[in-house]
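Here's the structure, in structure tokens; my notes come after.
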There are 2 protein chains.
Amino acid sequence: MNAEIYYVEDDLVIAESVKEYFLQRDMNVTILSSAAGAKEILLKKQPDMILLDWSLPDESGIMLCEWIRKRFAEEIPVLFLTVKGETADVVKGFGSGADDYLVKPFELEVLHSRVLAVLRRMRKPERRELYCDRICLDKKKTVVYAEEEEVSLTPLEYRVLLYLMEHKGQTVTRQRLLEEIWDVNGNYVNDNTLTVTMKRLREKFQNPACIKTVRSFGYRMEDTL
Amino acid sequence: MNAEIYYVEDDLVIAESVKEYFLQRDMNVTILSSAAGAKEILLKKQPDMILLDWSLPDESGIMLCEWIRKRFAEEIPVLFLTVKGETADVVKGFGSGADDYLVKPFELEVLHSRVLAVLRRMRKPERRELYCDRICLDKKKTVVYAEEEEVSLTPLEYRVLLYLMEHKGQTVTRQRLLEEIWDVNGNYVNDNTLTVTMKRLREKFQNPACIKTVRSFGYRMEDTL
DNA sequence: AATTTATTATAAAGGAATTATTGTTAAAAT
DNA sequence: ATTTTAACAATAATTCCTTTATAATAAATT
């Protein structure tokens with residue numbers, strides 16, 4: 001999935017059509033039909049973007065938007081989707097902290113363009129995640145995932161994996177790994193230490209195909225899917 | 001001045017009314033009446049935002065927008081202002097890299113709201129309350145809450161928590177914490193002081209799940225609910 | 001094809017390193 | 001004067017790294 005979107009809307013006909021349209025464009029839309037439900041889920045998991053109806057059964061979208069801004073600052077972009085198209089409404093919508101405002105009825109294509117524009121603007125400037133097959137390494141978090149699940153690595157394992165992933169596609173010699181990870185003024189450890197570390201690393205990912213042994217040279221990580 | 005805006009538009013009547021309206025709201029608008037002129041100035045000086053008409057005397061706004069994206073990447077936000085209101089036009093406008101799209105004729109208030117929304121998105125979010133799970137830190141008040149209850153921290157504890165919460169989701173190394181909190185001309189305290197401070201901090205929040213130890217790196221705060 | 005050789009994999013067990021805990025003291029704040 | 005805070009030392013608890021010994025495998029040689 002390219003993006004995770006929450007759509008707070010009580011009109012399920014509109015909501016479902018949006019969900020379907022976006023699903024075909026590799027974006028998952030979760031429909032939430034009340035402000036209270038939305039808040040509850042937002043405290044647990046944050047999406048890449050929120051689409052918001054103005055009139056909800058329990059609370060106005062405006063209040064929900066203000067709550068989101070207070071709780072998550074600018075982290076999550078909000079786009080209003082509402083029949084309220086008066087100038088004063090639009091101003092109020094933006095005033096509550098929204099990033100965009102689209103008046104119903106709207107074309108799905110236009111909504112899609114606007115969502116993409118906002119997400120583009122949000123995009124993280126720095127590349128913090130490295131991928132190889134289903135393995136994902138988050139450099140900022142110092143955390144590694146396999147199939148979305150966190151895999152707990154020891155510091156040494158992490159450093160070895162990081163080095164290999166930063167050199168994805170290249171065969172990294174044992175010598176180089178020893179120098180990079182273990183070198184203390186030219187004194188390395190027993191060569192087998194690397195072998196054991198690699199074994200443990202592979203074990204934690206259930207011996208993935210993307211970690212290859214290159215006999216008499218070293219190891220190489222590579223996309224295989 | 002709150003913001004510097006370039007408006008590329010050949011219809012001077014519209015352009016002047018926008019300029020005047022924005023000037024009263026502490027934003028300076030420079031009117032550029034051709035794409036060529038805009039490019040020339042942009043190479044010398046970059047504004048906070050660009051408003052763009054679709055049809056210009058020398059070149060289409062679409063091409064100019066693409067040129068801006070190529071040259072300045074995502075740095076400068078672009079908002080289209082045009083009579084072309086068909087769905088296909090809007091999609092094309094966003095496709096060229098625009099951040100927003102407003103169809104003429106428009107209300108100045110709406111334009112203003114949209115410009116503010118885009119600029120808000122561009123700026124670093126400055127916020128007074130930081131959250132992590134049920135911990136809430138109010139920067140203005142210098143007070144910390146857990147489950148709505150005030151928790152009394154020592155100045156040092158507060159500073160450590162603040163730093164961690166401002167870097168929520170990132171692993172902060174012990175070294176960095178020592179530098180940020182304890183550094184006095186390169187002299188830090190005993191490394192264990194940090195360990196003890198962390199222990200006390202955790203104690204006051206009943207060892208919350210959101211404060212994690214990342215062995216051999218440091219600590220990380222993260223939402224877990 | 002069988003044997004040798006070199007290289008890497010596996011398993012288990014101390015030892016090393018890191019972080020947590022507790023208590024003490026000196027300085028600072030109330 | 002009493003309480004609070006910060007720094008540090010000593011020790012405990014935990015996690016981890018390294019080594020040793022042995023097995024498995026691939027490549028090279030006969």
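Each chain in the structure tokens gets a letter, A, B and so on, in the order shown; residues start at 1 in every chain, and ligands are counted from 1 in the order they appear.
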
Exercise for the section: Lay chain B over chain A with a least-squares fit on all the C-alpha atoms, paired in sequence, and tell me the RMSD. Expected result: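 The fitted C-alpha deviation between chain A and chain B is 12.9 Å.
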
Practice task
Pull out every residue of chain B sitting within 8 Å of chain C, counting only C-alpha atoms (C1' of nucleotides), and send them as a ChimeraX atom specification.
Solution key: /B:195,199,215-216

How would the residues just chosen look if you wrote them out with N, CA and C atoms as a short mmCIF file (atom, residue, chain, number, x, y, z; two decimals), in the first residue's frame?
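The resulting file, selection-v9.cif, is shown below:
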```
data_model
loop_
_atom_site.label_atom_id
_atom_site.label_comp_id
_atom_site.auth_asym_id
_atom_site.auth_seq_id
_atom_site.Cartn_x
_atom_site.Cartn_y
_atom_site.Cartn_z
N THR B 195 21.81 7.04 33.11
CA THR B 195 21.07 5.81 33.45
C THR B 195 20.17 6.04 34.65
N LYS B 199 16.07 6.04 34.96
CA LYS B 199 15.34 5.16 35.89
C LYS B 199 14.32 5.94 36.69
N ARG B 215 19.42 -1.05 23.57
CA ARG B 215 20.72 -1.47 24.09
C ARG B 215 21.85 -1.08 23.15
N SER B 216 22.86 -0.51 23.72
CA SER B 216 24.07 -0.05 23.04
C SER B 216 23.83 1.15 22.11
#
```

Practice task
Find the residues of chain B in contact range of chain A, meaning any atom within 9 Å when counting only C-alpha atoms, and list them as a PyMOL selection string.
Solution key: chain B and resi 74+77+87-88+90-95+97-101+107+109-110+112-114+116-118+120-122+124-131+133+169-172+214-217+220+223-225

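Near chain A, counting only C-alpha atoms (C1' of nucleotides) at 10 Å, the chain D residues are DT15, DC16, DC17, DT18, DT19, DA26 and DA27 of chain D.
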